[in-house]
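J.: Dropping in coords24.cif, which is mmCIF, C-alpha atoms and all ligand atoms:
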data_target
loop_
_atom_site.label_atom_id
_atom_site.label_comp_id
_atom_site.auth_asym_id
_atom_site.auth_seq_id
_atom_site.Cartn_x
_atom_site.Cartn_y
_atom_site.Cartn_z
CA MET J 1 0.00 0.00 0.00
CA THR J 2 1.27 3.48 -0.84
CA THR J 3 1.49 6.15 1.83
CA ILE J 4 -1.38 8.60 1.55
CA ALA J 5 -1.95 12.15 2.82
CA ALA J 6 -5.31 13.87 3.27
CA VAL J 7 -6.61 17.16 4.61
CA THR J 8 -9.30 15.97 7.01
CA THR J 9 -10.74 19.30 8.20
CA ALA J 10 -13.14 21.47 6.16
CA LYS J 11 -11.40 23.69 3.62
CA GLY J 12 -10.46 27.21 4.79
CA THR J 13 -12.96 27.31 7.66
CA GLY J 14 -10.81 27.12 10.79
CA PRO J 15 -7.59 28.54 12.28
CA ILE J 16 -6.16 24.99 12.51
CA THR J 17 -6.10 22.39 9.73
CA THR J 18 -5.51 18.69 10.21
CA ILE J 19 -3.52 16.68 7.70
CA GLU J 20 -3.32 12.91 8.12
CA LEU J 21 -0.49 10.77 6.81
CA PHE J 22 -0.92 7.01 6.65
CA GLY J 23 1.14 4.17 5.19
CA ILE J 24 4.37 2.21 5.43
CA THR J 25 6.66 5.17 4.65
CA ALA J 26 4.72 7.64 6.85
CA LYS J 27 7.26 7.51 9.70
CA GLN J 28 10.17 8.01 7.30
CA ILE J 29 8.45 11.02 5.69
CA ILE J 30 7.66 12.60 9.07
CA SER J 31 11.28 12.09 10.23
CA ASP J 32 12.46 13.90 7.05
CA ILE J 33 10.25 16.97 7.30
CA PHE J 34 9.38 17.43 11.01
CA LYS J 35 11.94 19.06 13.31
CA SER J 36 11.46 19.42 17.06
CA LYS J 37 13.58 20.61 19.98
CA THR J 38 11.92 17.93 22.09
CA LYS J 39 14.20 14.98 22.60
CA SER J 40 11.40 12.39 22.76
CA GLU J 41 10.73 10.01 19.88
CA LEU J 42 7.49 10.15 17.84
CA GLU J 43 5.98 6.92 19.01
CA PRO J 44 2.31 5.85 19.32
CA GLY J 45 0.37 8.10 21.72
CA LYS J 46 2.92 10.98 21.60
CA ILE J 47 2.03 14.57 20.61
CA ILE J 48 5.00 16.83 19.83
CA LEU J 49 5.38 20.55 19.01
CA GLY J 50 7.82 21.36 16.20
CA SER J 51 8.00 22.66 12.66
CA ILE J 52 7.63 21.39 9.11
CA GLU J 53 10.78 22.24 7.18
CA THR J 54 12.12 22.00 3.66
CA THR J 55 15.89 22.08 3.01
CA ASP J 56 15.87 25.89 2.91
CA ARG J 57 12.88 27.14 4.91
CA THR J 58 10.36 26.54 7.68
CA ILE J 59 6.83 26.18 6.34
CA ASP J 60 4.91 26.25 9.64
CA GLN J 61 4.97 25.56 13.35
CA VAL J 62 2.87 22.43 13.89
CA ILE J 63 1.83 19.78 16.38
CA VAL J 64 2.34 16.22 15.20
CA ALA J 65 0.52 13.32 16.82
CA CYS J 66 1.58 9.72 16.33
CA GLU J 67 -1.48 7.42 16.19
CA SER J 68 0.43 4.27 15.31
CA MET J 69 3.77 3.44 13.71
CA ASN J 70 2.31 4.10 10.24
CA SER J 71 -0.26 6.81 11.06
CA PHE J 72 0.47 10.48 11.89
CA VAL J 73 -1.65 13.61 12.30
CA ILE J 74 -0.19 17.04 11.50
CA ASN J 75 -2.08 19.99 13.02
CA CYS J 76 -0.89 23.10 11.18
CA HIS J 77 -2.24 26.66 10.77
CA GLY J 78 -5.37 26.83 8.60
CA ASN J 79 -3.98 29.30 6.03
CA PRO J 80 -4.63 27.65 2.61
CA ILE J 81 -1.09 28.51 1.35
CA ILE J 82 0.52 26.77 4.34
CA VAL J 83 -1.75 23.74 3.91
CA SER J 84 -1.00 23.56 0.20
CA ASP J 85 2.80 23.86 0.83
CA ILE J 86 2.73 21.01 3.38
CA MET J 87 0.68 18.81 1.03
CA LYS J 88 3.14 19.53 -1.83
CA LEU J 89 6.08 18.67 0.44
CA LEU J 90 4.42 15.39 1.48
CA GLU J 91 3.79 14.58 -2.18
CA SER J 92 7.43 15.32 -3.06
CA LYS J 93 8.40 12.76 -0.39
CA GLY J 94 6.25 10.08 -2.05
CA ALA J 95 2.90 10.43 -0.25
CA GLN J 96 -0.16 10.26 -2.46
CA PRO J 97 -2.69 13.05 -1.79
CA VAL J 98 -6.28 11.75 -1.45
CA VAL J 99 -9.63 13.06 -0.22
CA ASP J 100 -10.39 12.18 3.39
CA GLU J 101 -12.94 9.41 2.65
CA LYS J 102 -10.29 7.46 0.76
CA LEU J 103 -7.92 7.89 3.70
CA LEU J 104 -10.54 6.54 6.07
CA THR J 105 -11.21 3.60 3.76
CA ALA J 106 -7.49 2.79 3.56
CA LYS J 107 -7.08 3.03 7.34
CA LEU J 108 -10.13 0.91 8.00
CA SER J 109 -9.23 -1.67 5.34
CA ALA J 110 -5.79 -2.05 6.93
CA ARG J 111 -7.55 -3.34 10.06
CA THR J 112 -7.99 -6.88 8.83
CA THR J 113 -10.62 -7.75 11.44
CA LEU J 114 -13.19 -5.42 9.84
CA ASN J 115 -15.58 -6.63 7.13
CA SER J 116 -16.86 -4.45 4.27
CA ILE J 117 -20.16 -3.67 6.01
CA GLU J 118 -18.31 -2.39 9.09
CA ILE J 119 -16.10 -0.16 6.93
CA GLU J 120 -19.10 1.17 5.02
CA ALA J 121 -20.90 1.92 8.31
CA SER J 122 -17.88 3.93 9.54
CA LEU J 123 -17.82 5.88 6.27
CA ALA J 124 -21.56 6.55 6.35
CA ILE J 125 -21.75 7.77 9.96
CA PRO J 126 -20.69 11.40 9.21
CA LYS J 127 -23.61 11.66 6.73
CA ILE J 128 -26.20 10.63 9.35
CA LYS J 129 -27.96 13.49 11.11
CA THR J 130 -30.15 12.01 13.85
CA LEU J 131 -29.43 9.79 16.84
CA PRO J 132 -32.00 7.04 16.03
CA ALA J 133 -30.59 6.81 12.48
CA THR J 134 -27.02 6.62 13.86
CA LYS J 135 -28.03 3.80 16.23
CA LEU J 136 -29.69 1.85 13.42
CA LEU J 137 -26.67 2.27 11.16
CA LEU J 138 -24.19 1.25 13.86
CA ALA J 139 -26.19 -1.95 14.45
CA GLN J 140 -25.90 -2.97 10.77
CA PRO J 141 -22.43 -4.57 10.78
CA ASP J 142 -23.94 -7.23 13.08
CA LEU J 143 -27.56 -7.28 11.87
CA LEU J 144 -26.97 -7.21 8.13
CA ALA J 145 -24.02 -9.62 8.18
CA GLN J 146 -25.91 -12.07 10.45
CA LYS J 147 -29.04 -11.86 8.35
CA VAL J 148 -27.35 -12.71 5.06
CA LYS J 149 -25.24 -15.44 6.68
CA SER J 150 -28.43 -17.05 8.05
CA TRP J 151 -29.63 -17.41 4.43
CA LEU J 152 -26.89 -19.97 3.84
CA ASN J 153 -29.09 -22.57 5.60
CA GLU J 154 -32.08 -21.97 3.34
CA ASP J 155 -33.08 -23.06 -0.15
CA ILE J 156 -32.64 -20.71 -3.10
CA GLU J 157 -36.33 -19.74 -3.40
CA ASP J 158 -36.46 -18.66 0.27
CA ILE J 159 -33.18 -16.77 -0.12
CA LYS J 160 -34.55 -14.88 -3.16
CA LYS J 161 -37.74 -13.96 -1.32
CA GLN J 162 -35.84 -12.72 1.73
CA ALA J 163 -33.51 -10.70 -0.51
CA LYS J 164 -36.54 -9.01 -2.13
CA ASP J 165 -38.00 -8.20 1.32
CA LEU J 166 -34.65 -6.76 2.43
CA LEU J 167 -34.45 -4.54 -0.66
CA TYR J 168 -38.00 -3.30 -0.11
CA LEU J 169 -37.30 -2.42 3.53
CA SER J 170 -33.95 -0.80 2.69
CA LYS J 171 -35.58 1.52 0.13
CA LYS J 172 -38.09 2.63 2.77
CA VAL J 173 -35.40 3.24 5.38
CA LYS J 174 -33.03 5.19 3.11
CA PRO J 175 -34.70 8.62 3.60
CA LEU J 176 -34.85 7.98 7.34
CA LEU J 177 -31.12 7.27 7.50
CA PHE J 178 -29.83 9.96 5.16
CA GLY J 179 -32.59 12.58 5.36
CA ALA J 180 -35.96 12.86 3.63
CA LYS J 181 -36.70 15.30 0.81
CA ILE J 182 -40.15 16.72 1.50
CA ILE J 183 -41.66 18.89 -1.25
CA LEU J 184 -44.30 21.51 -0.63
CA ALA J 185 -46.24 21.66 -3.88
CA GLY J 186 -49.55 23.15 -4.88
CA PRO J 187 -51.22 26.04 -6.69
CA PRO J 188 -49.98 29.61 -6.19
CA ASN J 189 -51.09 31.36 -2.99
CA SER J 190 -52.17 28.16 -1.21
CA GLY J 191 -49.77 28.82 1.70
CA LYS J 192 -46.74 26.64 0.82
CA SER J 193 -44.16 29.20 1.93
CA THR J 194 -46.12 30.05 5.08
CA LEU J 195 -46.19 26.34 5.98
CA LEU J 196 -42.45 25.90 5.31
CA ASN J 197 -41.73 28.76 7.72
CA VAL J 198 -44.02 27.24 10.37
CA ILE J 199 -42.55 23.71 10.19
CA ALA J 200 -38.95 24.93 9.96
CA GLY J 201 -39.58 27.39 12.82
CA LYS J 202 -37.95 30.27 10.95
CA GLN J 203 -38.79 32.84 8.27
CA LYS J 204 -36.96 31.24 5.34
CA ALA J 205 -39.42 31.92 2.52
CA ILE J 206 -41.11 35.17 1.51
CA THR J 207 -44.90 35.00 1.76
CA THR J 208 -47.39 37.46 0.18
CA ASN J 209 -50.90 37.32 -1.19
CA ILE J 210 -49.52 37.80 -4.73
CA LYS J 211 -49.68 34.67 -6.92
CA GLY J 212 -46.23 33.47 -8.00
CA THR J 213 -44.31 34.94 -5.03
CA THR J 214 -41.99 31.92 -4.86
CA ARG J 215 -40.14 31.37 -8.11
CA ASP J 216 -36.81 29.77 -7.33
CA TYR J 217 -37.21 27.02 -4.78
CA VAL J 218 -36.40 27.61 -1.09
CA THR J 219 -35.09 24.90 1.25
CA ALA J 220 -34.98 24.55 5.03
CA ASP J 221 -33.44 21.73 7.08
CA CYS J 222 -35.40 20.59 10.10
CA VAL J 223 -36.01 17.64 12.39
CA ILE J 224 -39.54 16.24 12.39
CA GLY J 225 -39.88 13.76 15.27
CA ASN J 226 -36.89 11.47 14.76
CA ILE J 227 -36.51 12.23 11.04
CA PHE J 228 -34.08 14.70 9.52
CA ALA J 229 -35.84 16.45 6.64
CA GLU J 230 -35.04 18.91 3.90
CA LEU J 231 -38.20 20.91 3.23
CA ILE J 232 -38.38 22.27 -0.30
CA ASP J 233 -40.82 25.07 -1.10
CA THR J 234 -41.57 25.24 -4.82
CA ALA J 235 -43.11 27.75 -7.21
CA GLY J 236 -46.90 27.26 -7.33
CA LEU J 237 -48.02 25.00 -10.19
CA ASP J 238 -50.23 27.02 -12.53
CA SER J 239 -50.28 26.85 -16.33
CA SER J 240 -51.42 30.50 -16.48
CA LEU J 241 -47.97 31.39 -15.01
CA ASN J 242 -46.20 30.15 -18.15
CA ASN J 243 -46.11 33.56 -19.84
CA ASN J 244 -42.38 34.09 -19.88
CA HIS J 245 -39.13 32.15 -19.82
CA LEU J 246 -38.57 32.65 -16.07
CA ASP J 247 -42.06 31.44 -15.10
CA GLN J 248 -41.71 28.45 -17.44
CA ALA J 249 -38.34 27.54 -15.88
CA ALA J 250 -39.85 27.83 -12.37
CA GLN J 251 -42.73 25.52 -13.36
CA ASN J 252 -40.34 22.94 -14.87
CA LYS J 253 -38.12 23.03 -11.77
CA SER J 254 -41.16 22.44 -9.52
CA THR J 255 -42.18 19.41 -11.58
CA GLN J 256 -38.67 17.94 -11.44
CA LEU J 257 -38.33 18.50 -7.66
CA ILE J 258 -41.67 16.76 -7.12
CA GLU J 259 -40.45 13.71 -9.05
CA ASP J 260 -37.24 13.48 -6.97
CA SER J 261 -38.92 13.78 -3.56
CA ASP J 262 -39.52 11.20 -0.82
CA LEU J 263 -42.79 12.84 0.24
CA ILE J 264 -45.08 15.40 -1.38
CA LEU J 265 -47.14 17.75 0.75
CA LEU J 266 -49.80 18.93 -1.67
CA ILE J 267 -50.93 22.23 -0.16
CA LEU J 268 -54.39 23.29 -1.32
CA ASP J 269 -56.30 26.42 -0.36
CA ALA J 270 -59.50 25.04 1.19
CA ASN J 271 -61.02 28.49 0.84
CA GLN J 272 -60.95 28.18 -2.98
CA ALA J 273 -63.37 26.15 -5.14
CA GLU J 274 -62.35 22.93 -6.91
CA THR J 275 -61.88 24.69 -10.27
CA SER J 276 -58.43 25.88 -9.14
CA LEU J 277 -57.04 22.31 -9.51
CA THR J 278 -55.04 21.95 -12.73
CA ASP J 279 -54.15 18.67 -14.50
CA ASP J 280 -50.68 18.69 -12.89
CA LEU J 281 -52.23 18.92 -9.45
CA HIS J 282 -54.78 16.21 -10.21
CA LYS J 283 -51.87 13.86 -11.01
CA ILE J 284 -50.15 14.61 -7.68
CA ILE J 285 -53.33 14.02 -5.65
CA ASP J 286 -53.19 10.27 -6.29
CA CYS J 287 -49.40 9.77 -5.98
CA GLN J 288 -48.46 7.06 -3.51
CA ASN J 289 -46.23 9.42 -1.51
CA THR J 290 -48.66 12.38 -1.27
CA ILE J 291 -50.27 13.90 1.79
CA ILE J 292 -53.05 16.36 0.92
CA VAL J 293 -52.85 19.39 3.18
CA LEU J 294 -56.06 21.43 3.14
CA ASN J 295 -54.78 24.80 4.32
CA LYS J 296 -56.58 27.90 5.59
CA SER J 297 -58.95 26.01 7.92
CA ASP J 298 -59.54 29.36 9.64
CA LEU J 299 -61.50 30.58 6.57
CA PRO J 300 -64.82 29.30 5.10
CA GLN J 301 -64.25 25.87 3.49
CA LYS J 302 -65.16 25.86 -0.22
CA LEU J 303 -62.94 23.22 -1.81
CA ASN J 304 -64.60 20.01 -2.95
CA LEU J 305 -61.73 17.59 -3.27
CA PRO J 306 -62.11 14.73 -5.76
CA ALA J 307 -62.21 11.23 -4.20
CA THR J 308 -58.70 9.91 -3.45
CA ASP J 309 -56.92 7.33 -1.27
CA SER J 310 -54.17 9.79 -0.28
CA PRO J 311 -54.30 10.87 3.39
CA LYS J 312 -55.80 14.32 4.00
CA ILE J 313 -55.48 16.82 6.82
CA ASN J 314 -57.03 20.22 7.52
CA ILE J 315 -54.62 22.80 8.95
CA SER J 316 -54.07 26.53 9.20
CA ALA J 317 -50.49 27.56 8.51
CA LYS J 318 -51.48 31.06 9.61
CA THR J 319 -52.87 30.20 13.09
CA GLY J 320 -50.79 27.02 13.59
CA ASP J 321 -53.92 24.88 13.94
CA SER J 322 -53.22 21.10 13.54
CA ILE J 323 -49.55 21.55 12.59
CA ASN J 324 -48.66 18.90 15.22
CA ASN J 325 -51.09 16.46 13.60
CA LEU J 326 -49.49 17.16 10.24
CA THR J 327 -45.97 16.43 11.54
CA LYS J 328 -47.27 13.17 13.06
CA LEU J 329 -48.82 12.23 9.72
CA ILE J 330 -45.51 13.00 7.96
CA GLN J 331 -43.72 10.60 10.35
CA THR J 332 -46.31 7.88 9.76
CA LYS J 333 -46.17 8.29 6.00
CA LEU J 334 -42.36 8.10 6.03
CA ASN J 335 -42.50 4.95 8.25
CA SER J 336 -40.44 6.61 10.97
CA GLN J 337 -41.15 3.63 13.30
CA LEU J 338 -38.66 1.66 11.20
CA LEU J 339 -35.86 3.64 12.83
CA GLU J 340 -36.83 2.25 16.25
CA THR J 341 -36.76 -1.40 15.20
CA ALA J 342 -33.58 -3.44 15.06
CA SER J 343 -34.04 -4.52 11.43
CA ALA J 344 -31.26 -5.45 9.06
CA VAL J 345 -31.09 -2.96 6.15
CA CYS J 346 -28.74 -2.17 3.28
CA PHE J 347 -27.35 1.37 3.36
CA THR J 348 -24.99 1.64 0.37
CA ALA J 349 -25.47 1.32 -3.39
CA ARG J 350 -23.00 -1.60 -3.38
CA GLN J 351 -25.02 -3.53 -0.79
CA MET J 352 -28.28 -2.85 -2.65
CA ASP J 353 -26.70 -4.03 -5.89
CA VAL J 354 -25.47 -7.33 -4.37
CA ILE J 355 -28.82 -8.01 -2.67
CA GLN J 356 -30.59 -7.24 -5.96
CA LYS J 357 -28.40 -9.88 -7.66
CA ILE J 358 -29.19 -12.39 -4.89
CA SER J 359 -32.93 -11.74 -5.38
CA THR J 360 -32.63 -13.01 -8.98
CA ALA J 361 -29.89 -15.64 -8.51
CA ASP J 362 -30.59 -18.89 -10.38
CA SER J 363 -28.60 -21.21 -8.11
CA LYS J 364 -27.77 -21.56 -4.44
CA GLN J 365 -24.05 -21.52 -5.30
CA LEU J 366 -24.39 -18.09 -6.94
CA ALA J 367 -26.34 -16.79 -3.91
CA GLU J 368 -23.59 -18.09 -1.59
CA ASP J 369 -20.90 -16.38 -3.67
CA LEU J 370 -22.85 -13.12 -3.58
CA ILE J 371 -23.31 -13.36 0.22
CA SER J 372 -19.56 -13.76 0.56
CA GLU J 373 -19.07 -10.78 -1.80
CA LEU J 374 -21.42 -8.65 0.33
CA ILE J 375 -19.27 -9.20 3.39
CA ASN J 376 -15.79 -9.39 1.87
CA ALA J 377 -15.68 -7.30 -1.34
CA PRO J 378 -13.99 -3.87 -1.28
CA PRO J 379 -16.30 -1.37 0.44
CA CYS J 380 -18.24 1.29 -1.44
CA VAL J 381 -16.90 4.82 -0.84
N1 LIG H 401 -56.24 32.92 6.31
C1 LIG H 401 -55.12 32.24 6.02
N2 LIG H 401 -54.22 32.77 5.18
C2 LIG H 401 -53.11 32.06 4.92
C3 LIG H 401 -52.86 30.79 5.50
N3 LIG H 401 -51.69 30.34 5.02
C4 LIG H 401 -51.19 31.29 4.19
N4 LIG H 401 -52.05 32.33 4.14
C5 LIG H 401 -51.91 33.57 3.35
O1 LIG H 401 -52.02 33.21 1.97
C6 LIG H 401 -51.16 34.07 1.19
C7 LIG H 401 -50.23 33.22 0.34
O2 LIG H 401 -49.32 32.54 1.19
P1 LIG H 401 -47.91 32.01 0.68
O3 LIG H 401 -47.34 31.19 1.79
O4 LIG H 401 -47.08 33.13 0.15
O5 LIG H 401 -48.41 31.10 -0.51
P2 LIG H 401 -47.55 30.25 -1.56
O6 LIG H 401 -48.30 28.98 -1.77
O7 LIG H 401 -46.14 30.13 -1.12
O8 LIG H 401 -47.68 31.14 -2.87
P3 LIG H 401 -46.70 31.19 -4.18
O9 LIG H 401 -45.32 31.38 -3.72
O10 LIG H 401 -47.24 32.35 -4.93
O11 LIG H 401 -46.91 29.93 -4.94
C8 LIG H 401 -50.43 34.98 2.19
O12 LIG H 401 -51.12 36.20 2.25
C9 LIG H 401 -50.55 34.21 3.50
O13 LIG H 401 -50.52 35.05 4.64
C10 LIG H 401 -53.85 30.25 6.39
O14 LIG H 401 -53.74 29.15 6.94
N5 LIG H 401 -54.96 31.02 6.60
MG MG H 402 -44.42 30.76 -1.99
#
Would you mind giving the structure from this file in structure tokens?
Ligand SMILES: Nc1nc2c(ncn2[C@@H]2O[C@H](COP(=O)(O)OP(=O)(O)OP(=O)(O)O)[C@@H](O)[C@H]2O)c(=O)[nH]1
Ligand SMILES: [Mg+2]
T.:
Amino acid sequence: MTTIAAVTTAKGTGPITTIELFGITAKQIISDIFKSKTKSELEPGKIILGSIETTDRTIDQVIVACESMNSFVINCHGNPIIVSDIMKLLESKGAQPVVDEKLLTAKLSARTTLNSIEIEASLAIPKIKTLPATKLLLAQPDLLAQKVKSWLNEDIEDIKKQAKDLLYLSKKVKPLLFGAKIILAGPPNSGKSTLLNVIAGKQKAITTNIKGTTRDYVTADCVIGNIFAELIDTAGLDSSLNNNHLDQAAQNKSTQLIEDSDLILLILDANQAETSLTDDLHKIIDCQNTIIVLNKSDLPQKLNLPATDSPKINISAKTGDSINNLTKLIQTKLNSQLLETASAVCFTARQMDVIQKISTADSKQLAEDLISELINAPPCV
């Protein structure tokens, strides 16, 4: 394995930057470039103040920590020129610069006791934003590995069925683990932006009684129960707002965002008659992942909604009436209870791909090979 170097703190955001160096020549490289007045050796567990030096100049005063005989951490000043000079010096000494995820993968892979699922869980953890999701993910190296190993005792038809069930569950859990995209769609003036501000608890979107106030979409991150969500407020869908290029672009963007979402909140103005529902909105009403939000419950109710199986709720974004019921309904619709159960789930594209192949495998031998691949193949970064 080559020695690799990575900047592991965010770019240009702090007074101190951390550079990690890992690999068989790491100690040699550090001995070449790090000078310290301290007599003690850089051995595992030691942290030493000194400087990074080329043959003719000092680049920076730094603190070097030795994690193990082949793993060192350099804490230098955060100035981008200093960081770049140290990285260039490390490269000139034979270290290969990589992005931090690759460094983590290399470090984790070097620990031979870890299987691919454990490595992928360690890589995924920084992307997880809630505690229940973190707990579920951290349980997967045991749960997922045990589950697929238990299939080895079953016949191929049972294995295929269980693989299909696992894929189905994993698709449902994905937005709970990595964050759900929730779209607020509906006709102009129905109260989408007002509702975004209420759920997010801050004034992110401009609200007025003028149709077409929101053109470019507005997003707000929030936690709903135990789910991390990105709320996306879109331009109101209305074919009469297609008069110019900008309105047309806003309408197209809304349609695309709706297609990419995990959940659609279709906000309708219950104070308006049914005639305000366009073809686009009629299509959304019956989508499997739609909740129909009948807004403006504080005003006379005039909307006659066509029959639909989608769940409905009356709220007032203005007075706050029934907002709690809406957030509960969002959690139910997104199956948030799945985060509380100790189920085995796939959480990377690689795992999903292998399980997909198992679900269509035509022999037990192939399924066994794929189970081994799931646990032992190189992890997905
Ligand atoms: N009475 C009442 N008015 C509301 C309610 N929710 C929103 N409004 C008002 O309805 C108007 C439109 O609200 P917005 O939130 O801007 O509507 P929008 O759906 O984002 O509109 P566009 O951006 O044009 O698509 C504003 O004057 C709001 O104050 C409600 O629950 N009750
Ligand atoms: Mg708006």
J.: Please identify every residue of chain J that has at least one atom no farther than 12 Å from an atom of ligand MG 402 (chain H), counting all atoms listed in the file, and for each give the shortest atom pair and the distance in Å to one decimal, arranged by chain then increasing number, as CSV.
T.:
residue,atom,partner,partner_atom,distance
J:Leu184,CA,H:MG402,MG,9.4
J:Ala185,CA,H:MG402,MG,9.5
J:Gly186,CA,H:MG402,MG,9.6
J:Pro187,CA,H:MG402,MG,9.5
J:Pro188,CA,H:MG402,MG,7.1
J:Asn189,CA,H:MG402,MG,6.8
J:Ser190,CA,H:MG402,MG,8.2
J:Gly191,CA,H:MG402,MG,6.8
J:Lys192,CA,H:MG402,MG,5.5
J:Ser193,CA,H:MG402,MG,4.2
J:Thr194,CA,H:MG402,MG,7.3
J:Leu195,CA,H:MG402,MG,9.3
J:Leu196,CA,H:MG402,MG,9.0
J:Asn197,CA,H:MG402,MG,10.3
J:Gln203,CA,H:MG402,MG,11.9
J:Lys204,CA,H:MG402,MG,10.5
J:Ala205,CA,H:MG402,MG,6.8
J:Ile206,CA,H:MG402,MG,6.5
J:Thr207,CA,H:MG402,MG,5.7
J:Thr208,CA,H:MG402,MG,7.6
J:Asn209,CA,H:MG402,MG,9.3
J:Ile210,CA,H:MG402,MG,9.1
J:Lys211,CA,H:MG402,MG,8.2
J:Gly212,CA,H:MG402,MG,6.8
J:Thr213,CA,H:MG402,MG,5.2
J:Thr214,CA,H:MG402,MG,3.9
J:Arg215,CA,H:MG402,MG,7.5
J:Asp216,CA,H:MG402,MG,9.3
J:Tyr217,CA,H:MG402,MG,8.6
J:Val218,CA,H:MG402,MG,8.7
J:Thr219,CA,H:MG402,MG,11.5
J:Ile232,CA,H:MG402,MG,10.6
J:Asp233,CA,H:MG402,MG,6.8
J:Thr234,CA,H:MG402,MG,6.8
J:Ala235,CA,H:MG402,MG,6.2
J:Gly236,CA,H:MG402,MG,6.8
J:Leu237,CA,H:MG402,MG,10.6
J:Ala250,CA,H:MG402,MG,11.7
J:Ser254,CA,H:MG402,MG,11.7
J:Ile267,CA,H:MG402,MG,10.9
J.: Using only C-alpha atoms, find all polymer residues with an atom at most 10 Å away from the point (-26.4, -21.5, -3.6); report them as an mmCIF file with C-alpha atoms, keeping the file's coordinate frame.
T.:
data_model
loop_
_atom_site.group_PDB
_atom_site.id
_atom_site.type_symbol
_atom_site.label_atom_id
_atom_site.label_comp_id
_atom_site.auth_asym_id
_atom_site.auth_seq_id
_atom_site.Cartn_x
_atom_site.Cartn_y
_atom_site.Cartn_z
ATOM 1 C CA TRP J 151 -29.630 -17.410 4.430
ATOM 2 C CA LEU J 152 -26.890 -19.970 3.840
ATOM 3 C CA ASN J 153 -29.090 -22.570 5.600
ATOM 4 C CA GLU J 154 -32.080 -21.970 3.340
ATOM 5 C CA ASP J 155 -33.080 -23.060 -0.150
ATOM 6 C CA ILE J 156 -32.640 -20.710 -3.100
ATOM 7 C CA ILE J 159 -33.180 -16.770 -0.120
ATOM 8 C CA ILE J 358 -29.190 -12.390 -4.890
ATOM 9 C CA ALA J 361 -29.890 -15.640 -8.510
ATOM 10 C CA ASP J 362 -30.590 -18.890 -10.380
ATOM 11 C CA SER J 363 -28.600 -21.210 -8.110
ATOM 12 C CA LYS J 364 -27.770 -21.560 -4.440
ATOM 13 C CA GLN J 365 -24.050 -21.520 -5.300
ATOM 14 C CA LEU J 366 -24.390 -18.090 -6.940
ATOM 15 C CA ALA J 367 -26.340 -16.790 -3.910
ATOM 16 C CA GLU J 368 -23.590 -18.090 -1.590
ATOM 17 C CA ASP J 369 -20.900 -16.380 -3.670
ATOM 18 C CA LEU J 370 -22.850 -13.120 -3.580
ATOM 19 C CA ILE J 371 -23.310 -13.360 0.220
#
J.: Around ligand LIG 401 (chain H), fit a box with edges along x, y and z, padding it by 5 Å on each side, then list its centre and edge lengths in Å to one decimal as AutoDock Vina command-line options.
T.:
--center_x -50.8 --center_y 32.6 --center_z 1.0 --size_x 20.9 --size_y 17.2 --size_z 21.9
J.: In Å, how far is it from CA of Ala180 (chain J) to CA of Glu340 (chain J)?
T.: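 That distance, rounded to one decimal, is 16.5 Å.
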J.: Quick check, in Å to one decimal: how far apart do CA of Phe34 (chain J) and CA of Ile52 (chain J) lie?
T.: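 Separating CA of Phe34 (chain J) from CA of Ile52 (chain J) is a distance of 4.7 Å.
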J.: Ranking J:Asn335, J:Ser297, J:Ala349, J:Glu373 by minimum distance to ligand LIG 401 (chain H) and counting all atoms listed in the file, which one comes first?
T.: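 The answer is J:Ser297, which sits nearest to ligand LIG 401 (chain H).
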J.: Nearest to ligand LIG 401 (chain H) among J:Ile355, J:Ala342, J:Leu294, J:Leu374, with distances taken over only C-alpha atoms and all ligand atoms: which residue is it?
T.: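 Result for the nearest residue to ligand LIG 401 (chain H): J:Leu294.
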J.: Using only C-alpha atoms for the distances, tell me which of J:Ala26, J:Val198, J:Ile81, J:Leu144 is nearest to Leu167 (chain J).
T.: J:Leu144
J.: Between CA of Leu281 (chain J) and CA of Thr255 (chain J), what is the distance, to one decimal in Å?
T.: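 So the two atoms, CA of Leu281 (chain J) and CA of Thr255 (chain J), lie 10.3 Å apart.
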